[in-house]
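What's in start12.tsv: TSV, C-alpha atoms
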chain	number	residue	atom	x	y	z
A	25	MET	CA	-39.34	-76.01	-64.73
A	26	ASN	CA	-42.64	-77.88	-65.04
A	27	LYS	CA	-45.34	-77.25	-67.62
A	28	ARG	CA	-47.52	-75.13	-65.32
A	29	THR	CA	-44.62	-72.83	-64.43
A	30	ARG	CA	-43.50	-72.56	-68.03
A	31	GLU	CA	-46.98	-71.63	-69.28
A	32	TYR	CA	-47.46	-69.17	-66.42
A	33	LEU	CA	-44.21	-67.34	-67.15
A	34	ARG	CA	-44.85	-67.36	-70.88
A	35	GLY	CA	-48.27	-65.80	-70.35
A	36	ARG	CA	-46.99	-63.14	-67.96
A	37	PHE	CA	-44.12	-62.28	-70.30
A	38	GLY	CA	-46.74	-61.81	-73.02
A	39	ASP	CA	-48.73	-59.51	-70.74
A	40	TYR	CA	-45.60	-57.44	-70.21
A	41	TYR	CA	-44.91	-57.17	-73.93
A	42	ARG	CA	-48.48	-56.16	-74.76
A	43	ARG	CA	-48.09	-53.11	-72.52
A	44	SER	CA	-44.47	-52.14	-73.19
A	45	GLY	CA	-44.27	-50.71	-76.72
A	46	ILE	CA	-40.69	-51.85	-77.35
A	47	ASP	CA	-38.80	-50.38	-80.30
A	48	GLY	CA	-35.91	-51.96	-82.16
A	49	PRO	CA	-32.33	-50.64	-82.26
A	50	PRO	CA	-31.05	-48.30	-85.00
A	51	ALA	CA	-30.97	-49.98	-88.44
A	52	ALA	CA	-33.27	-52.72	-87.13
A	53	ASN	CA	-34.04	-53.87	-90.66
A	54	GLU	CA	-30.34	-54.60	-91.31
A	55	ARG	CA	-29.93	-56.91	-88.33
A	56	GLU	CA	-30.42	-60.59	-87.72
A	57	TRP	CA	-32.99	-61.39	-85.04
A	58	GLY	CA	-33.23	-64.39	-82.76
A	59	HIS	CA	-35.26	-65.60	-79.82
A	60	ILE	CA	-35.51	-68.55	-77.47
A	61	PRO	CA	-39.07	-69.76	-76.84
A	62	PHE	CA	-40.37	-71.46	-73.71
A	63	THR	CA	-39.73	-75.09	-74.64
A	64	LEU	CA	-40.28	-78.43	-72.93
A	65	GLY	CA	-37.49	-79.83	-70.78
A	66	ALA	CA	-34.28	-78.28	-69.55
A	67	GLY	CA	-32.82	-77.50	-72.96
A	68	THR	CA	-33.32	-74.37	-75.03
A	69	THR	CA	-33.64	-73.88	-78.77
A	70	MET	CA	-32.55	-70.67	-80.46
A	71	VAL	CA	-34.69	-69.52	-83.37
A	72	ARG	CA	-32.39	-67.31	-85.43
A	73	HIS	CA	-31.57	-66.08	-88.94
A	74	GLN	CA	-34.73	-63.98	-88.85
A	75	SER	CA	-34.99	-60.60	-90.53
A	76	TRP	CA	-37.00	-57.59	-89.38
A	77	ILE	CA	-39.65	-58.53	-91.94
A	78	ASP	CA	-39.78	-62.07	-90.51
A	79	ILE	CA	-40.55	-60.86	-87.01
A	80	ALA	CA	-42.36	-57.55	-87.50
A	81	GLY	CA	-43.84	-57.98	-90.97
A	82	GLY	CA	-46.54	-55.39	-91.43
A	83	GLY	CA	-46.90	-54.92	-87.67
A	84	SER	CA	-44.48	-53.96	-84.92
A	85	LEU	CA	-41.83	-55.56	-82.76
A	86	SER	CA	-44.21	-55.36	-79.80
A	87	ASP	CA	-46.83	-57.29	-81.76
A	88	PHE	CA	-44.31	-60.06	-82.41
A	89	LEU	CA	-43.21	-60.21	-78.78
A	90	ALA	CA	-46.79	-60.25	-77.47
A	91	ARG	CA	-47.68	-63.02	-79.90
A	92	GLU	CA	-44.62	-65.25	-79.46
A	93	GLN	CA	-44.06	-64.54	-75.74
A	94	PRO	CA	-40.36	-65.55	-75.95
A	95	ARG	CA	-38.13	-66.47	-73.07
A	96	HIS	CA	-35.18	-64.49	-74.47
A	97	VAL	CA	-34.86	-62.00	-77.37
A	98	TYR	CA	-31.73	-61.03	-79.32
A	99	PHE	CA	-30.58	-58.91	-82.24
A	100	SER	CA	-27.23	-58.88	-84.00
A	101	ALA	CA	-24.49	-56.34	-83.48
A	102	GLY	CA	-23.77	-56.89	-87.17
A	103	ARG	CA	-25.63	-55.18	-89.98
A	104	TYR	CA	-26.19	-57.06	-93.23
A	105	ARG	CA	-27.42	-56.78	-96.78
A	106	ASP	CA	-29.59	-59.90	-96.27
A	107	PRO	CA	-29.93	-60.50	-92.50
A	108	GLY	CA	-32.44	-63.33	-92.92
A	109	ALA	CA	-30.08	-65.53	-94.97
A	110	GLY	CA	-29.56	-68.96	-93.40
A	111	ARG	CA	-25.76	-68.91	-93.62
A	112	MET	CA	-23.48	-66.22	-92.27
A	113	SER	CA	-21.51	-66.19	-95.52
A	114	GLU	CA	-24.68	-65.28	-97.41
A	115	LYS	CA	-25.79	-62.38	-95.23
A	116	GLY	CA	-23.43	-59.78	-96.70
A	117	TRP	CA	-21.81	-58.09	-93.69
A	118	ARG	CA	-21.84	-54.28	-93.80
A	119	ALA	CA	-20.94	-53.02	-90.34
A	120	ALA	CA	-21.21	-53.85	-86.64
A	121	ASP	CA	-21.84	-52.01	-83.40
A	122	LEU	CA	-18.99	-52.05	-80.90
A	123	VAL	CA	-20.40	-54.01	-77.96
A	124	PHE	CA	-18.91	-54.70	-74.54
A	125	ASP	CA	-20.22	-57.32	-72.13
A	126	LEU	CA	-19.46	-57.56	-68.43
A	127	ASP	CA	-20.58	-60.70	-66.64
A	128	ALA	CA	-20.21	-61.17	-62.89
A	129	ASP	CA	-19.04	-64.74	-63.43
A	130	HIS	CA	-15.87	-63.39	-65.07
A	131	LEU	CA	-14.91	-60.98	-62.28
A	132	PRO	CA	-11.90	-62.00	-60.19
A	133	SER	CA	-13.61	-60.75	-57.02
A	134	VAL	CA	-16.68	-62.95	-57.53
A	135	ASP	CA	-17.06	-66.59	-56.51
A	136	PRO	CA	-20.22	-67.80	-58.29
A	137	ASP	CA	-20.70	-70.48	-55.63
A	138	ALA	CA	-20.32	-68.16	-52.65
A	139	THR	CA	-21.11	-64.57	-53.68
A	140	SER	CA	-24.75	-63.51	-53.37
A	141	TYR	CA	-26.58	-62.40	-56.49
A	142	ALA	CA	-26.92	-58.86	-55.15
A	143	ASP	CA	-23.20	-58.66	-54.39
A	144	MET	CA	-22.39	-60.03	-57.86
A	145	LEU	CA	-24.40	-57.26	-59.45
A	146	ALA	CA	-22.77	-54.61	-57.27
A	147	ALA	CA	-19.29	-55.85	-58.21
A	148	CYS	CA	-20.26	-55.87	-61.87
A	149	LYS	CA	-21.45	-52.27	-61.69
A	150	ASP	CA	-18.07	-51.28	-60.27
A	151	ALA	CA	-16.41	-53.02	-63.22
A	152	LEU	CA	-18.79	-51.19	-65.56
A	153	CYS	CA	-17.64	-47.85	-64.16
A	154	ASP	CA	-14.03	-48.89	-64.84
A	155	LEU	CA	-14.98	-49.75	-68.42
A	156	LEU	CA	-16.75	-46.43	-68.92
A	157	ASP	CA	-13.65	-44.63	-67.64
A	158	PHE	CA	-11.66	-46.30	-70.41
A	159	LEU	CA	-14.24	-45.53	-73.08
A	160	GLU	CA	-14.60	-41.89	-72.07
A	161	ASP	CA	-11.11	-40.96	-70.89
A	162	ASP	CA	-8.90	-43.14	-73.09
A	163	PHE	CA	-10.96	-43.53	-76.26
A	164	GLY	CA	-12.73	-40.18	-76.14
A	165	PHE	CA	-16.32	-41.39	-76.44
A	166	ALA	CA	-18.87	-38.93	-75.09
A	167	ALA	CA	-21.57	-40.09	-72.69
A	168	HIS	CA	-24.17	-39.80	-75.46
A	169	ASP	CA	-22.09	-42.15	-77.65
A	170	THR	CA	-22.57	-45.06	-75.26
A	171	GLU	CA	-25.78	-46.97	-74.60
A	172	ILE	CA	-25.54	-48.63	-71.19
A	173	VAL	CA	-27.82	-51.60	-70.58
A	174	PHE	CA	-28.35	-53.91	-67.61
A	175	SER	CA	-28.38	-57.37	-69.18
A	176	GLY	CA	-31.23	-58.62	-67.01
A	177	GLY	CA	-28.95	-61.38	-65.74
A	178	ARG	CA	-25.52	-61.04	-64.15
A	179	GLY	CA	-24.06	-58.00	-65.83
A	180	TYR	CA	-24.11	-55.08	-68.22
A	181	HIS	CA	-23.75	-54.31	-71.92
A	182	VAL	CA	-22.38	-51.16	-73.53
A	183	HIS	CA	-23.28	-50.41	-77.17
A	184	ILE	CA	-21.36	-47.86	-79.28
A	185	ARG	CA	-22.61	-46.95	-82.75
A	186	THR	CA	-20.53	-43.94	-83.79
A	187	ASP	CA	-19.31	-43.81	-87.39
A	188	GLY	CA	-15.72	-44.47	-86.43
A	189	VAL	CA	-16.37	-47.92	-84.94
A	190	LEU	CA	-18.92	-49.51	-87.27
A	191	ASP	CA	-16.32	-50.63	-89.82
A	192	LEU	CA	-13.80	-52.03	-87.33
A	193	GLY	CA	-12.75	-55.61	-88.07
A	194	ARG	CA	-12.12	-58.43	-85.62
A	195	ASP	CA	-8.40	-57.68	-85.24
A	196	GLN	CA	-9.02	-54.02	-84.46
A	197	ARG	CA	-11.68	-54.92	-81.92
A	198	ASP	CA	-9.30	-57.42	-80.37
A	199	GLU	CA	-6.75	-54.63	-79.86
A	200	ILE	CA	-9.40	-52.65	-77.99
A	201	VAL	CA	-10.13	-55.67	-75.81
A	202	GLU	CA	-6.46	-56.18	-75.00
A	203	TYR	CA	-6.06	-52.53	-74.07
A	204	VAL	CA	-9.09	-52.50	-71.77
A	205	ARG	CA	-8.29	-55.83	-70.13
A	206	GLY	CA	-4.61	-54.92	-69.80
A	207	PRO	CA	-3.02	-58.39	-69.59
A	208	ASP	CA	-0.27	-57.80	-72.16
A	209	ILE	CA	0.78	-54.32	-71.06
A	210	GLU	CA	4.25	-53.96	-69.53
A	211	PHE	CA	5.56	-51.14	-67.36
A	212	GLU	CA	7.86	-49.93	-70.14
A	213	ASP	CA	4.80	-49.63	-72.40
A	214	VAL	CA	3.39	-46.83	-70.25
A	215	VAL	CA	6.68	-45.00	-69.63
A	216	ARG	CA	8.01	-42.42	-72.08
A	217	THR	CA	11.80	-42.43	-72.38
A	218	GLU	CA	13.61	-39.44	-73.83
A	219	SER	CA	17.22	-38.35	-74.14
A	220	VAL	CA	18.36	-35.33	-72.15
A	221	GLU	CA	21.59	-33.56	-73.09
A	222	GLY	CA	23.42	-31.60	-70.48
A	223	ILE	CA	26.50	-29.36	-70.35
A	224	GLY	CA	29.62	-31.40	-69.67
A	225	LEU	CA	27.96	-34.74	-70.47
A	226	LYS	CA	29.70	-36.83	-73.13
A	227	ASN	CA	26.54	-38.90	-73.72
A	228	PRO	CA	22.90	-37.90	-73.35
A	229	THR	CA	21.12	-39.30	-70.30
A	230	GLN	CA	17.71	-40.94	-70.31
A	231	LYS	CA	14.69	-39.48	-68.54
A	232	ARG	CA	11.62	-41.62	-67.90
A	233	THR	CA	8.24	-40.01	-67.44
A	234	LEU	CA	4.69	-41.15	-66.93
A	235	PRO	CA	2.54	-39.23	-69.44
A	236	THR	CA	-0.28	-37.57	-67.53
A	237	ASP	CA	-2.66	-36.90	-70.41
A	238	GLY	CA	-4.52	-40.22	-70.37
A	239	GLY	CA	-4.24	-43.97	-70.73
A	240	TRP	CA	-2.68	-46.50	-68.41
A	241	SER	CA	0.23	-44.14	-67.68
A	242	ALA	CA	-2.13	-41.49	-66.31
A	243	ARG	CA	-3.74	-44.08	-64.05
A	244	VAL	CA	-0.37	-45.06	-62.63
A	245	HIS	CA	0.60	-41.41	-62.25
A	246	ARG	CA	-2.58	-40.65	-60.30
A	247	GLN	CA	-1.80	-43.48	-57.90
A	248	LEU	CA	1.76	-42.25	-57.52
A	249	MET	CA	0.72	-38.68	-56.78
A	250	THR	CA	-1.91	-39.83	-54.30
A	251	LEU	CA	0.83	-41.64	-52.42
A	252	VAL	CA	3.26	-38.72	-52.76
A	253	ASP	CA	0.74	-36.27	-51.32
A	254	GLU	CA	-0.07	-38.70	-48.51
A	255	VAL	CA	3.61	-39.02	-47.62
A	256	ARG	CA	4.07	-35.23	-47.60
A	257	ASP	CA	1.28	-34.90	-45.03
A	258	LEU	CA	2.70	-37.52	-42.65
A	259	SER	CA	5.41	-37.16	-40.03
A	260	GLU	CA	8.79	-38.60	-40.96
A	261	ASP	CA	8.29	-41.79	-38.95
A	262	GLU	CA	4.74	-42.27	-40.27
A	263	ALA	CA	5.86	-41.67	-43.85
A	264	LEU	CA	8.69	-44.19	-43.60
A	265	ASP	CA	6.36	-46.78	-42.05
A	266	ARG	CA	3.85	-46.20	-44.85
A	267	LEU	CA	6.46	-46.63	-47.58
A	268	ARG	CA	7.98	-49.74	-45.99
A	269	GLN	CA	4.63	-51.45	-46.53
A	270	PHE	CA	5.64	-51.90	-50.17
A	271	PRO	CA	7.62	-55.08	-50.92
A	272	GLY	CA	11.34	-54.45	-51.30
A	273	VAL	CA	11.20	-50.96	-49.78
A	274	GLY	CA	13.50	-50.76	-46.79
A	275	GLU	CA	14.78	-47.86	-44.75
A	276	GLY	CA	17.04	-46.49	-47.49
A	277	LYS	CA	14.50	-46.57	-50.32
A	278	ALA	CA	11.76	-45.23	-48.06
A	279	SER	CA	13.93	-42.26	-47.09
A	280	ALA	CA	14.79	-41.58	-50.73
A	281	ILE	CA	11.14	-41.67	-51.81
A	282	ARG	CA	10.11	-39.38	-48.95
A	283	ARG	CA	12.86	-36.91	-49.83
A	284	ALA	CA	11.76	-36.95	-53.49
A	285	ALA	CA	8.16	-36.34	-52.45
A	286	LEU	CA	9.24	-33.31	-50.42
A	287	ASP	CA	11.89	-31.85	-52.73
A	288	ASN	CA	10.74	-32.87	-56.22
A	289	HIS	CA	6.97	-32.56	-56.03
A	290	ASP	CA	6.63	-30.41	-59.15
A	291	GLU	CA	8.75	-32.78	-61.23
A	292	LEU	CA	6.76	-35.77	-59.99
A	293	ALA	CA	3.51	-33.96	-60.73
A	294	ALA	CA	4.75	-33.44	-64.29
A	295	GLY	CA	5.35	-37.19	-64.61
A	296	ASN	CA	9.12	-37.36	-64.10
A	297	ILE	CA	9.84	-40.56	-62.17
A	298	ASP	CA	13.61	-40.46	-62.74
A	299	VAL	CA	14.11	-38.13	-59.80
A	300	HIS	CA	15.39	-41.23	-57.98
A	301	PRO	CA	15.69	-44.96	-58.82
A	302	ALA	CA	13.59	-45.77	-55.75
A	303	VAL	CA	10.71	-43.79	-57.26
A	304	VAL	CA	10.97	-45.79	-60.48
A	305	SER	CA	10.83	-49.01	-58.47
A	306	LEU	CA	7.78	-47.75	-56.58
A	307	ALA	CA	6.07	-46.72	-59.82
A	308	LYS	CA	6.52	-50.27	-61.14
A	309	GLN	CA	4.73	-51.67	-58.10
A	310	LEU	CA	1.92	-49.16	-58.48
A	311	PHE	CA	1.62	-50.15	-62.14
A	312	GLU	CA	1.01	-53.78	-61.13
A	313	ARG	CA	-1.63	-52.68	-58.65
A	314	VAL	CA	-3.37	-50.49	-61.21
A	315	LEU	CA	-3.51	-53.41	-63.64
A	316	GLU	CA	-5.34	-55.41	-60.99
A	317	THR	CA	-7.74	-52.69	-59.88
A	318	ASP	CA	-8.48	-50.72	-63.05
A	319	ALA	CA	-8.60	-53.35	-65.80
A	320	ALA	CA	-12.14	-54.02	-67.04
A	321	PRO	CA	-12.68	-57.80	-67.34
A	322	ILE	CA	-14.91	-57.66	-70.41
A	323	ASP	CA	-16.01	-60.81	-72.22
A	324	GLU	CA	-13.63	-60.87	-75.19
A	325	PRO	CA	-15.77	-62.87	-77.70
A	326	VAL	CA	-18.68	-60.43	-77.40
A	327	THR	CA	-16.55	-57.47	-78.50
A	328	THR	CA	-14.54	-59.21	-81.20
A	329	ASP	CA	-17.47	-61.10	-82.79
A	330	ILE	CA	-18.83	-58.83	-85.53
A	331	ASN	CA	-21.87	-61.10	-85.91
A	332	ARG	CA	-22.74	-61.40	-82.22
A	333	LEU	CA	-26.33	-61.65	-81.03
A	334	ILE	CA	-27.01	-59.45	-78.00
A	335	ARG	CA	-30.06	-59.06	-75.77
A	336	LEU	CA	-32.76	-56.65	-76.85
A	337	PRO	CA	-33.10	-53.69	-74.45
A	338	ARG	CA	-36.42	-53.63	-72.57
A	339	SER	CA	-37.05	-57.32	-73.25
A	340	ILE	CA	-37.31	-59.73	-70.32
A	341	HIS	CA	-34.43	-62.00	-69.37
A	342	GLY	CA	-35.97	-65.45	-69.13
A	343	GLY	CA	-33.52	-66.59	-66.47
A	344	THR	CA	-34.50	-63.89	-63.96
A	345	GLY	CA	-37.75	-62.25	-65.01
A	346	LEU	CA	-35.94	-58.89	-64.91
A	347	VAL	CA	-36.03	-56.29	-67.68
A	348	VAL	CA	-32.99	-55.73	-69.89
A	349	THR	CA	-32.83	-52.10	-68.81
A	350	PRO	CA	-31.23	-49.11	-70.60
A	351	ILE	CA	-29.60	-46.72	-68.12
A	352	ASP	CA	-28.85	-43.03	-68.57
A	353	ARG	CA	-25.24	-42.26	-67.70
A	354	ASP	CA	-26.31	-39.76	-65.06
A	355	ASP	CA	-28.54	-42.37	-63.40
A	356	LEU	CA	-25.96	-45.14	-63.21
A	357	ALA	CA	-24.70	-44.39	-59.71
A	358	ASP	CA	-28.17	-44.84	-58.22
A	359	PHE	CA	-29.26	-47.74	-60.43
A	360	ASP	CA	-30.21	-50.88	-58.50
A	361	PRO	CA	-31.08	-53.74	-60.88
A	362	LEU	CA	-32.99	-55.63	-58.20
A	363	VAL	CA	-35.30	-52.62	-57.87
A	364	ASP	CA	-35.18	-50.68	-61.12
A	365	ALA	CA	-35.29	-53.68	-63.49
A	366	VAL	CA	-38.36	-55.27	-61.89
A	367	PRO	CA	-41.33	-55.14	-64.31
A	368	GLU	CA	-44.08	-52.88	-63.00
A	369	GLN	CA	-46.68	-55.36	-64.29
A	370	PHE	CA	-45.47	-57.90	-61.71
A	371	ARG	CA	-45.73	-55.61	-58.68
A	372	GLY	CA	-48.56	-55.09	-56.22
A	373	HIS	CA	-50.09	-58.58	-56.02
A	374	GLU	CA	-49.15	-62.01	-54.73
A	375	VAL	CA	-48.72	-65.40	-56.33
A	376	ALA	CA	-48.59	-68.90	-54.86
A	377	ILE	CA	-45.38	-70.84	-55.48
A	378	GLU	CA	-43.84	-74.13	-54.39
A	379	VAL	CA	-40.30	-73.39	-53.23
A	380	THR	CA	-37.82	-76.08	-54.23
A	381	ASP	CA	-34.59	-74.24	-53.40
A	382	PRO	CA	-35.00	-72.39	-50.07
A	383	GLY	CA	-32.72	-69.64	-48.86
A	384	SER	CA	-32.25	-65.92	-48.39
A	385	GLY	CA	-31.49	-63.03	-50.69
A	386	GLU	CA	-32.35	-59.49	-51.71
A	387	PHE	CA	-35.03	-58.40	-54.14
A	388	GLY	CA	-37.07	-55.27	-54.70
A	389	GLY	CA	-35.06	-53.33	-52.15
A	390	GLU	CA	-35.80	-55.80	-49.35
A	391	ALA	CA	-34.27	-58.92	-47.87
A	392	PHE	CA	-36.24	-62.14	-48.17
A	393	THR	CA	-36.10	-65.65	-46.74
A	394	ILE	CA	-38.06	-68.48	-48.32
A	395	GLN	CA	-38.71	-71.88	-46.81
A	396	GLU	CA	-39.20	-75.08	-48.76
A	397	GLY	CA	-42.82	-75.75	-49.62
A	398	GLU	CA	-45.79	-73.62	-50.60
A	399	SER	CA	-45.51	-69.88	-50.09
A	400	HIS	CA	-47.31	-66.70	-51.13
A	401	VAL	CA	-44.98	-63.92	-52.30
A	402	GLU	CA	-45.22	-60.77	-54.40
A	403	GLU	CA	-45.50	-61.83	-58.02
A	404	ALA	CA	-42.28	-60.05	-59.03
A	405	LEU	CA	-40.34	-62.15	-56.51
A	406	GLY	CA	-42.27	-65.25	-57.51
A	407	VAL	CA	-41.40	-64.74	-61.18
A	408	PHE	CA	-37.76	-64.18	-60.23
A	409	LEU	CA	-37.64	-67.42	-58.22
A	410	MET	CA	-39.46	-69.45	-60.88
A	411	ALA	CA	-37.28	-68.09	-63.68
A	412	ARG	CA	-34.16	-68.98	-61.69
A	413	GLY	CA	-35.40	-72.52	-61.08
A	414	ARG	CA	-35.93	-72.10	-57.35
A	415	ALA	CA	-39.71	-72.50	-57.33
A	416	GLU	CA	-42.65	-73.85	-59.33
A	417	LYS	CA	-46.10	-72.37	-59.85
A	418	VAL	CA	-48.86	-73.66	-57.58
A	419	ALA	CA	-52.24	-74.40	-59.18
A	420	GLU	CA	-54.88	-71.81	-58.29

What is this structure when it is put down as structure tokens?
Amino acid sequence: MNKRTREYLRGRFGDYYRRSGIDGPPAANEREWGHIPFTLGAGTTMVRHQSWIDIAGGGSLSDFLAREQPRHVYFSAGRYRDPGAGRMSEKGWRAADLVFDLDADHLPSVDPDATSYADMLAACKDALCDLLDFLEDDFGFAAHDTEIVFSGGRGYHVHIRTDGVLDLGRDQRDEIVEYVRGPDIEFEDVVRTESVEGIGLKNPTQKRTLPTDGGWSARVHRQLMTLVDEVRDLSEDEALDRLRQFPGVGEGKASAIRRAALDNHDELAAGNIDVHPAVVSLAKQLFERVLETDAAPIDEPVTTDINRLIRLPRSIHGGTGLVVTPIDRDDLADFDPLVDAVPEQFRGHEVAIEVTDPGSGEFGGEAFTIQEGESHVEEALGVFLMARGRAEKVAE
């Protein structure tokens, strides 16, 4: 990024901040603040260990942002007695928000070198929905307990500030991460085993069930019942063919599973998988699939770090020119970051740029193709390309 581009973006970011009226998060005066200015060269320098008084003083956060025109803005998840202290040990930690970060670069379905930016963001929103399912269904957080934020870059943040989470330590937060990511969960962890005594039995037998009231077990059970109901609706030959698609399921196991689906539907619906050993084997395979499809690949250090700095909602992400956008839960399905996170101040007029990295993409709800050399594009797209290092500002 050359000097002209840097000064142009800095000035336009300042114009945005002068018109935006951004407020701080709850307990803003107990948090550490940091920002990255537009600096010379390729490197960046974080200015941190600032308190609310340091940045807002007798004015407002918007005044600070309009004056400094930063490239990136952050506040701490942690709350402190003295947030402006220069050493973490001197700040006096009091509490911390529970924060989750999803980044497209960490998704198994995304290849950063091959996947388009728009497709990355779409995949990340799918992962966000998986995460919200965990938070709402498994942990019992209500929609109003979660603040959902598009990061302005490649993913999403979720902030939770209910009383029950603020005092959680690193180890407790790590347990939450492990549960949501699912890597250390075994099949036996989601199965409930109980003894069943019967008339004429010398020793009690064991019955294994998948609890249906939530958690990983309920996810596996839903997959099992979806398959059971599918099999019940198929002809015998179709059902056997469908079941033989699973590894290790031959004619005998397929017939046993089909018979259980037809004769033991109520027991299966209640979670009893011990109706036949073949059903148990099938449930294990479905468990492995659910781990792959339902686990939310959150960034572990963000959640476990009780001092983490996180992007300020409604600030601009200096690597894209997009707004770090809060999203109402009801609006999430229709949210398109490449449309809804574009600053209004950058719409409706053109800017001249020198394209250094040509190519195609999507932005503002439309496809675009840019050729190398000078081009006139809508300013919002121009800012996006300049912020991403694909273009420089042309002198006007």

Between atom CA of A:Pro361 and atom CA of A:Arg243, what distance in Å does the model show, to one decimal?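 That distance, rounded to one decimal, is 29.2 Å.
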
Within 12 Å of stretch 184-199 of chain A: each stretch 38-79 of chain A residue with its shortest pair, only C-alpha atoms, as a Markdown table:
| residue | atom | partner | partner_atom | distance |
| --- | --- | --- | --- | --- |
| A:Pro49 | CA | A:Arg185 | CA | 10.4 |
| A:Pro50 | CA | A:Arg185 | CA | 8.8 |
| A:Ala51 | CA | A:Arg185 | CA | 10.6 |

Residue with smallest distance to A:Thr328 - pool A:Glu254, A:Asp121, A:Glu56, A:Glu275, counting only C-alpha atoms: A:Asp121

At most 6 Å from (-39.9, -75.4, -58.6), file frame, only C-alpha atoms: which residues, as JSON, numbers by chain? {"A": [378, 379, 380, 413, 414, 415, 416]}

In terms of the shortest atom-to-atom distance over only C-alpha atoms, which of A:Thr349, A:Thr236, A:Gln230, A:Ser259 is closest to A:Ile46?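 Of A:Thr349, A:Thr236, A:Gln230, A:Ser259, the one nearest A:Ile46 is A:Thr349, counting only C-alpha atoms.
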
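Comparing A:Val244, A:Ala320, A:Met70, A:Val134 by their smallest distance to A:His96, the closest is A:Met70 (using all atoms listed in the file).
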
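Taking only C-alpha atoms, the non-local environment of stretch 308-318 of chain A within 9 Å (same-chain residues fewer than 3 positions away omitted) comprises Ala151, Asp154, Leu155, Val204, Arg205, Gly206, Pro207, Ile209, Glu210, Phe211, Val214, Trp240, Ser241, Arg243, Val244, His245, Gln247, Leu248, Phe270, Pro271, Val303, Val304 and Ser305 of chain A.
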
Write a file of the selected residues as a compact mmCIF listing (two decimals), in the frame of the given file, keeping C-alpha atoms.
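Saved to again.txt:
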# COMPACT_ATOMS: atom_id res chain seq x y z
CA ALA A 151 -16.41 -53.02 -63.22
CA ASP A 154 -14.03 -48.89 -64.84
CA LEU A 155 -14.98 -49.75 -68.42
CA VAL A 204 -9.09 -52.50 -71.77
CA ARG A 205 -8.29 -55.83 -70.13
CA GLY A 206 -4.61 -54.92 -69.80
CA PRO A 207 -3.02 -58.39 -69.59
CA ILE A 209 0.78 -54.32 -71.06
CA GLU A 210 4.25 -53.96 -69.53
CA PHE A 211 5.56 -51.14 -67.36
CA VAL A 214 3.39 -46.83 -70.25
CA TRP A 240 -2.68 -46.50 -68.41
CA SER A 241 0.23 -44.14 -67.68
CA ARG A 243 -3.74 -44.08 -64.05
CA VAL A 244 -0.37 -45.06 -62.63
CA HIS A 245 0.60 -41.41 -62.25
CA GLN A 247 -1.80 -43.48 -57.90
CA LEU A 248 1.76 -42.25 -57.52
CA PHE A 270 5.64 -51.90 -50.17
CA PRO A 271 7.62 -55.08 -50.92
CA VAL A 303 10.71 -43.79 -57.26
CA VAL A 304 10.97 -45.79 -60.48
CA SER A 305 10.83 -49.01 -58.47

Considering only C-alpha atoms, return as a PyMOL selection string whatever protein or nucleic-acid residues lie within 10 Å of A:Leu145, sequence-local ones (same chain, fewer than 3 positions apart) excluded. chain A and resi 127-128+134+139-142+148-151+174+177-180+360-362

Give me a file of those residues, with C-alpha atoms, as a compact mmCIF listing (two decimals), in the coordinates of the input.
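File written: selection.txt
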# COMPACT_ATOMS: atom_id res chain seq x y z
CA ASP A 127 -20.58 -60.70 -66.64
CA ALA A 128 -20.21 -61.17 -62.89
CA VAL A 134 -16.68 -62.95 -57.53
CA THR A 139 -21.11 -64.57 -53.68
CA SER A 140 -24.75 -63.51 -53.37
CA TYR A 141 -26.58 -62.40 -56.49
CA ALA A 142 -26.92 -58.86 -55.15
CA CYS A 148 -20.26 -55.87 -61.87
CA LYS A 149 -21.45 -52.27 -61.69
CA ASP A 150 -18.07 -51.28 -60.27
CA ALA A 151 -16.41 -53.02 -63.22
CA PHE A 174 -28.35 -53.91 -67.61
CA GLY A 177 -28.95 -61.38 -65.74
CA ARG A 178 -25.52 -61.04 -64.15
CA GLY A 179 -24.06 -58.00 -65.83
CA TYR A 180 -24.11 -55.08 -68.22
CA ASP A 360 -30.21 -50.88 -58.50
CA PRO A 361 -31.08 -53.74 -60.88
CA LEU A 362 -32.99 -55.63 -58.20

Distance criterion (only C-alpha atoms): nearest to A:Leu126 out of A:Ala147, A:Ala411, A:Val215, A:Val71: A:Ala147

Given only C-alpha atoms as the counted atoms, nearest of A:Glu31, A:Asp261, A:Asp329, A:Asp237 to A:Gln93: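 Among A:Glu31, A:Asp261, A:Asp329, A:Asp237, it is A:Glu31 that comes nearest to A:Gln93.
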
Taking into account all atoms listed in the file, which residue in the set A:Asp135, A:Asp162, A:Glu92, A:Glu54 is nearest to A:Gly239?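 When distances to A:Gly239 are compared using all atoms listed in the file, the smallest one comes from A:Asp162.
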
Selection near A:Val255, 8 Å with all atoms listed in the file, sequence-local residues under 6 positions removed, as a list in words: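 The neighbour list is Ala263, Arg266, Arg282 and Ala285 of chain A.
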
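Picture a line from atom CA of A:Glu324 to atom CA of A:Tyr203; it runs 11.3 Å.
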
Which protein, DNA or RNA residues are at most 10 Å from (-35.0, -64.8, -50.7) in the file's coordinates when you count all atoms listed in the file, listed as a PyMOL selection string? chain A and resi 381-387+390-395+405-406+408-409+414

Between atom CA of A:Thr170 and atom CA of A:Gly58 - distance in Å to one decimal: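 Spanning atom CA of A:Gly58 to atom CA of A:Thr170 is a straight-line distance of 23.3 Å.
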
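Residues in contact with A:Thr29 at 7 Å, where all atoms listed in the file are counted and same-chain residues fewer than 4 positions away are skipped, are listed as Met25, Leu33, Glu416 and Lys417 of chain A.
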
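Residues in contact range of A:Gly372, defined as at most 10 Å between only C-alpha atoms, with sequence neighbours fewer than 5 positions away removed, read Glu402, Glu403 and Ala404 of chain A.
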